[in-house]
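One structure is given here, and the rest of the page talks about it.
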Amino acid sequence: EKSGAMGLGGKPTPKRQATRRALKAREPKLVENTRKAFFIKGPKTSQIVINAMKDMYMMKKPNAKMMNRKNQKLRPFEDHSSIEFFSNQLDASLFCYGAKSKKKSHSLTLGRTFNYQLLDMVEVSINVDDEFKCIRDFSGERKKSVQHGSKPMFIFQGDQYELSEDYKTVKSLILDFFRGDVVEKINLASLCRVIVCTATSDRLYFRHYAVNLKRSGTKIPNVELDEIGPRMNWTIRRVKSAEEELRKKAMKKPKARKSQKTVKNIERGTLGDKMGRVHMEKQDTKTMALRKFKSLKKRKGKGAAAEDGSSSKKQRASSAGDEE
């Protein structure tokens, strides 16, 4: 696309308004946009890997992009330049790579990028012997009412999340993948699903449940969980941790965010209007110097006016009699 005049920093300014909006949306912000993810296939995949990627794609929607073509030369742990290229093209900081090989069958690689540079990633293998099930294998009325894309709840069970660095990385990746939008308030009725990850010494059990609230006769309802899939048992194969310098840059908070203080009695409305609350002492309106209007002055009633008229007539008559 042709560019116009030179902008700040010596970069050309695009002529098209749509291109300007797209570039502005990619600029750094104090509050980040919702993280997007892209799902990409390796040179060889199995039906189990495809089903697992489709289910995770459904859980991540609408902030997800599924790429249907197979990539013959894509291997993230050997060369991650292709991952960084797709991350830049799709403006996505999360990725899921699925592949199959003789040594590592049914493998998934979850990772994230910072500033379109690879930050960290984890490779897990799906254990088929432990009864793998996808979403379509589960039936139930509760599954239909769950809106994929809503904010889920998370439960991480096991001591491995505190003892092992690899499990800490997996926990952080799962939270970034499925947490959705960052909000200040949430409606409790919209918390309709929960992701449970149980860690043992050699397995990680990934489960997805729908929350079913039933009457209990009190204000607090009974909570039941209905499994809606996917059901996967993972084994951690390889972990690439973030480099120290890149990790510090990714976790660095901007100065404007640090100095931001909460102002009391000021809030924003649903339409973005700024509203404030002022606390004042009790005022006495009787002693206040207010503007007086003629229309608000007290007037004499009709009865009083009639009495005044009759008395004036009597006075006139009596004065006339005296003169005679």
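Ordered as shown in the structure tokens, chains take letters A, B, and onward, while each chain numbers its residues from 1 and ligands are numbered from 1 in the order shown.
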Residues near Glu32 of chain A, cut-off 10 Å, only C-alpha atoms, skip fewer than 6 positions along chain, as a list in words: Arg26, Asp181 and Val182 of chain A
Name the residues in contact with Leu188 of chain A at a cut-off of 12 Å, using only C-alpha atoms, excluding same-chain residues fewer than 3 positions from it; report them as an NGL selection string. :A and (150-153 or 185 or 191-193 or 211 or 213)
Contacts of Met66 of chain A at 7 Å or less, counting only C-alpha atoms, minus same-chain residues fewer than 6 places along, as a ChimeraX atom specification? /A:38-40
Counting only C-alpha atoms, which of A:Ile126, A:Ile266, A:Leu119, A:Met280 gets nearest to Ile236 of chain A? A:Ile126
Quick one: DSSP strand (DSSP E) residues in segment 75-275 of chain A, as a VMD selection string? chain A and resid 94 to 99 107 to 114 117 to 126 153 to 157 193 to 199 204 to 214 222 to 227 232 to 240 266 to 268 274 to 275
Selection from above, C-alpha atoms, as a PDB file, in the first residue's frame, can you write it?
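The result, written out as again.pdb:
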```pdb
ATOM      1  CA  LEU A  94      -0.998 -17.498  21.764  1.00  0.00           C
ATOM      2  CA  PHE A  95      -0.658 -20.586  19.603  1.00  0.00           C
ATOM      3  CA  CYS A  96      -1.461 -24.288  19.642  1.00  0.00           C
ATOM      4  CA  TYR A  97       0.529 -26.634  17.401  1.00  0.00           C
ATOM      5  CA  GLY A  98      -0.616 -30.190  16.760  1.00  0.00           C
ATOM      6  CA  ALA A  99       1.401 -33.000  15.181  1.00  0.00           C
ATOM      7  CA  SER A 107       1.353 -34.228  20.668  1.00  0.00           C
ATOM      8  CA  LEU A 108       0.187 -30.669  21.332  1.00  0.00           C
ATOM      9  CA  THR A 109       2.409 -27.632  21.816  1.00  0.00           C
ATOM     10  CA  LEU A 110       1.014 -24.642  23.690  1.00  0.00           C
ATOM     11  CA  GLY A 111       2.975 -21.403  23.648  1.00  0.00           C
ATOM     12  CA  ARG A 112       2.853 -17.621  23.724  1.00  0.00           C
ATOM     13  CA  THR A 113       4.758 -14.711  22.253  1.00  0.00           C
ATOM     14  CA  PHE A 114       5.655 -11.229  23.426  1.00  0.00           C
ATOM     15  CA  GLN A 117       8.877 -12.983  19.729  1.00  0.00           C
ATOM     16  CA  LEU A 118       8.585 -16.474  21.199  1.00  0.00           C
ATOM     17  CA  LEU A 119       8.328 -16.263  24.982  1.00  0.00           C
ATOM     18  CA  ASP A 120       7.774 -19.846  26.209  1.00  0.00           C
ATOM     19  CA  MET A 121       6.029 -23.074  25.191  1.00  0.00           C
ATOM     20  CA  VAL A 122       5.196 -26.561  26.445  1.00  0.00           C
ATOM     21  CA  GLU A 123       4.849 -29.798  24.513  1.00  0.00           C
ATOM     22  CA  VAL A 124       2.414 -32.409  25.879  1.00  0.00           C
ATOM     23  CA  SER A 125       1.311 -35.773  24.534  1.00  0.00           C
ATOM     24  CA  ILE A 126      -2.285 -37.030  24.689  1.00  0.00           C
ATOM     25  CA  MET A 153     -13.609 -20.715  36.425  1.00  0.00           C
ATOM     26  CA  PHE A 154     -10.356 -22.592  37.101  1.00  0.00           C
ATOM     27  CA  ILE A 155      -9.391 -25.249  39.623  1.00  0.00           C
ATOM     28  CA  PHE A 156      -5.760 -26.411  39.831  1.00  0.00           C
ATOM     29  CA  GLN A 157      -5.291 -29.428  42.073  1.00  0.00           C
ATOM     30  CA  ARG A 193     -18.414 -23.640  33.297  1.00  0.00           C
ATOM     31  CA  VAL A 194     -15.227 -24.626  35.097  1.00  0.00           C
ATOM     32  CA  ILE A 195     -11.877 -26.018  33.909  1.00  0.00           C
ATOM     33  CA  VAL A 196     -10.256 -28.486  36.310  1.00  0.00           C
ATOM     34  CA  CYS A 197      -6.575 -29.416  35.940  1.00  0.00           C
ATOM     35  CA  THR A 198      -5.279 -32.122  38.294  1.00  0.00           C
ATOM     36  CA  ALA A 199      -1.527 -32.679  38.396  1.00  0.00           C
ATOM     37  CA  LEU A 204      -1.961 -33.860  34.020  1.00  0.00           C
ATOM     38  CA  TYR A 205      -5.725 -34.472  33.861  1.00  0.00           C
ATOM     39  CA  PHE A 206      -7.624 -31.820  31.874  1.00  0.00           C
ATOM     40  CA  ARG A 207     -11.392 -31.731  32.479  1.00  0.00           C
ATOM     41  CA  HIS A 208     -14.171 -29.331  31.464  1.00  0.00           C
ATOM     42  CA  TYR A 209     -17.468 -29.148  33.396  1.00  0.00           C
ATOM     43  CA  ALA A 210     -20.748 -27.254  33.189  1.00  0.00           C
ATOM     44  CA  VAL A 211     -22.062 -25.690  36.397  1.00  0.00           C
ATOM     45  CA  ASN A 212     -25.598 -26.761  37.291  1.00  0.00           C
ATOM     46  CA  LEU A 213     -27.355 -24.762  40.044  1.00  0.00           C
ATOM     47  CA  LYS A 214     -30.260 -26.501  41.781  1.00  0.00           C
ATOM     48  CA  ASN A 222     -26.712 -26.671  45.402  1.00  0.00           C
ATOM     49  CA  VAL A 223     -23.925 -26.809  42.824  1.00  0.00           C
ATOM     50  CA  GLU A 224     -23.454 -29.838  40.587  1.00  0.00           C
ATOM     51  CA  LEU A 225     -20.875 -30.351  37.845  1.00  0.00           C
ATOM     52  CA  ASP A 226     -21.732 -32.063  34.549  1.00  0.00           C
ATOM     53  CA  GLU A 227     -18.787 -33.060  32.370  1.00  0.00           C
ATOM     54  CA  MET A 232      -7.696 -35.312  28.073  1.00  0.00           C
ATOM     55  CA  ASN A 233      -4.799 -36.813  30.013  1.00  0.00           C
ATOM     56  CA  TRP A 234      -1.485 -35.161  29.232  1.00  0.00           C
ATOM     57  CA  THR A 235       2.136 -36.108  29.735  1.00  0.00           C
ATOM     58  CA  ILE A 236       4.622 -33.227  29.668  1.00  0.00           C
ATOM     59  CA  ARG A 237       7.373 -33.874  27.115  1.00  0.00           C
ATOM     60  CA  ARG A 238       9.384 -30.702  26.635  1.00  0.00           C
ATOM     61  CA  VAL A 239       9.333 -27.207  28.128  1.00  0.00           C
ATOM     62  CA  LYS A 240      11.026 -24.084  26.796  1.00  0.00           C
ATOM     63  CA  ILE A 266     -15.843   9.244  40.841  1.00  0.00           C
ATOM     64  CA  GLU A 267     -17.151   6.545  38.520  1.00  0.00           C
ATOM     65  CA  ARG A 268     -18.028   5.963  34.894  1.00  0.00           C
ATOM     66  CA  LYS A 274     -18.008  10.657  34.193  1.00  0.00           C
ATOM     67  CA  MET A 275     -20.097  10.958  37.345  1.00  0.00           C
TER      68      MET A 275
END
```
Check segment 81-255 of chain A with DSSP on the backbone and list each residue it calls alpha helix (DSSP H), as a PyMOL selection string. chain A and resi 81-90+141-145+160-163+165-178+244-251+255
Using C-alpha atoms, can you write the selected residues to a file as a PDB file, in the first residue's frame?
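Final output, saved to out.pdb:
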```
ATOM      1  CA  SER A  81      10.601 -18.275  13.048  1.00  0.00           C
ATOM      2  CA  SER A  82       7.359 -19.486  11.413  1.00  0.00           C
ATOM      3  CA  ILE A  83       5.478 -19.156  14.712  1.00  0.00           C
ATOM      4  CA  GLU A  84       6.680 -15.565  15.081  1.00  0.00           C
ATOM      5  CA  PHE A  85       5.691 -14.837  11.470  1.00  0.00           C
ATOM      6  CA  PHE A  86       2.120 -16.094  11.962  1.00  0.00           C
ATOM      7  CA  SER A  87       1.906 -14.282  15.285  1.00  0.00           C
ATOM      8  CA  ASN A  88       2.727 -11.006  13.546  1.00  0.00           C
ATOM      9  CA  GLN A  89       0.416 -11.631  10.596  1.00  0.00           C
ATOM     10  CA  LEU A  90      -2.595 -12.651  12.725  1.00  0.00           C
ATOM     11  CA  GLU A 141     -29.066 -30.776  28.149  1.00  0.00           C
ATOM     12  CA  ARG A 142     -26.677 -28.717  30.240  1.00  0.00           C
ATOM     13  CA  LYS A 143     -24.028 -28.801  27.497  1.00  0.00           C
ATOM     14  CA  LYS A 144     -26.367 -26.954  25.111  1.00  0.00           C
ATOM     15  CA  SER A 145     -26.857 -24.027  27.501  1.00  0.00           C
ATOM     16  CA  GLN A 160       3.173 -30.143  41.509  1.00  0.00           C
ATOM     17  CA  TYR A 161       2.018 -26.616  40.636  1.00  0.00           C
ATOM     18  CA  GLU A 162       4.073 -25.358  43.579  1.00  0.00           C
ATOM     19  CA  LEU A 163       7.034 -27.734  43.386  1.00  0.00           C
ATOM     20  CA  GLU A 165       8.719 -25.189  37.356  1.00  0.00           C
ATOM     21  CA  ASP A 166       7.340 -27.082  34.363  1.00  0.00           C
ATOM     22  CA  TYR A 167       3.903 -27.358  35.934  1.00  0.00           C
ATOM     23  CA  LYS A 168       4.010 -23.661  36.861  1.00  0.00           C
ATOM     24  CA  THR A 169       4.581 -22.839  33.191  1.00  0.00           C
ATOM     25  CA  VAL A 170       1.704 -25.126  32.152  1.00  0.00           C
ATOM     26  CA  LYS A 171      -0.612 -23.474  34.682  1.00  0.00           C
ATOM     27  CA  SER A 172       0.296 -19.998  33.448  1.00  0.00           C
ATOM     28  CA  LEU A 173      -0.274 -21.026  29.815  1.00  0.00           C
ATOM     29  CA  ILE A 174      -3.696 -22.546  30.534  1.00  0.00           C
ATOM     30  CA  LEU A 175      -4.785 -19.409  32.391  1.00  0.00           C
ATOM     31  CA  ASP A 176      -3.675 -17.155  29.535  1.00  0.00           C
ATOM     32  CA  PHE A 177      -5.304 -19.402  26.952  1.00  0.00           C
ATOM     33  CA  PHE A 178      -8.830 -19.604  28.363  1.00  0.00           C
ATOM     34  CA  GLU A 244      15.358 -13.757  31.524  1.00  0.00           C
ATOM     35  CA  GLU A 245      15.632 -10.472  29.589  1.00  0.00           C
ATOM     36  CA  LEU A 246      12.503 -11.119  27.513  1.00  0.00           C
ATOM     37  CA  ARG A 247      10.590 -12.258  30.581  1.00  0.00           C
ATOM     38  CA  LYS A 248      11.437  -9.003  32.408  1.00  0.00           C
ATOM     39  CA  LYS A 249      10.228  -6.976  29.423  1.00  0.00           C
ATOM     40  CA  ALA A 250       6.999  -8.952  29.250  1.00  0.00           C
ATOM     41  CA  MET A 251       6.297  -8.457  32.973  1.00  0.00           C
ATOM     42  CA  LYS A 255       4.869   4.110  34.501  1.00  0.00           C
TER      43      LYS A 255
END
```
Within 12 Å of Lys24 of chain A, counting only C-alpha atoms, which residues qualify if same-chain residues fewer than 6 places away don't, as number ranges by chain? A: 13-14, 17-18
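Reported to one decimal place, the separation of atom CA of Asn68 of chain A from atom CA of Thr45 of chain A is 11.5 Å.
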How many Å lie between atom CA of Lys102 of chain A and atom CA of Ile50 of chain A, rounded to one decimal?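 Going from atom CA of Lys102 of chain A over to atom CA of Ile50 of chain A covers 16.9 Å.
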Tell me, in Å to one decimal, how far atom CA of Arg21 of chain A is from atom CA of Tyr57 of chain A. 27.1 Å
Find the residues near Ala92 of chain A: any atom within 7 Å, counting only C-alpha atoms, skip ones fewer than 6 places away on the same chain, and give them as a list in words.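 My reading of the contact set: Arg35, Lys36, Ala37 and Phe38 of chain A.
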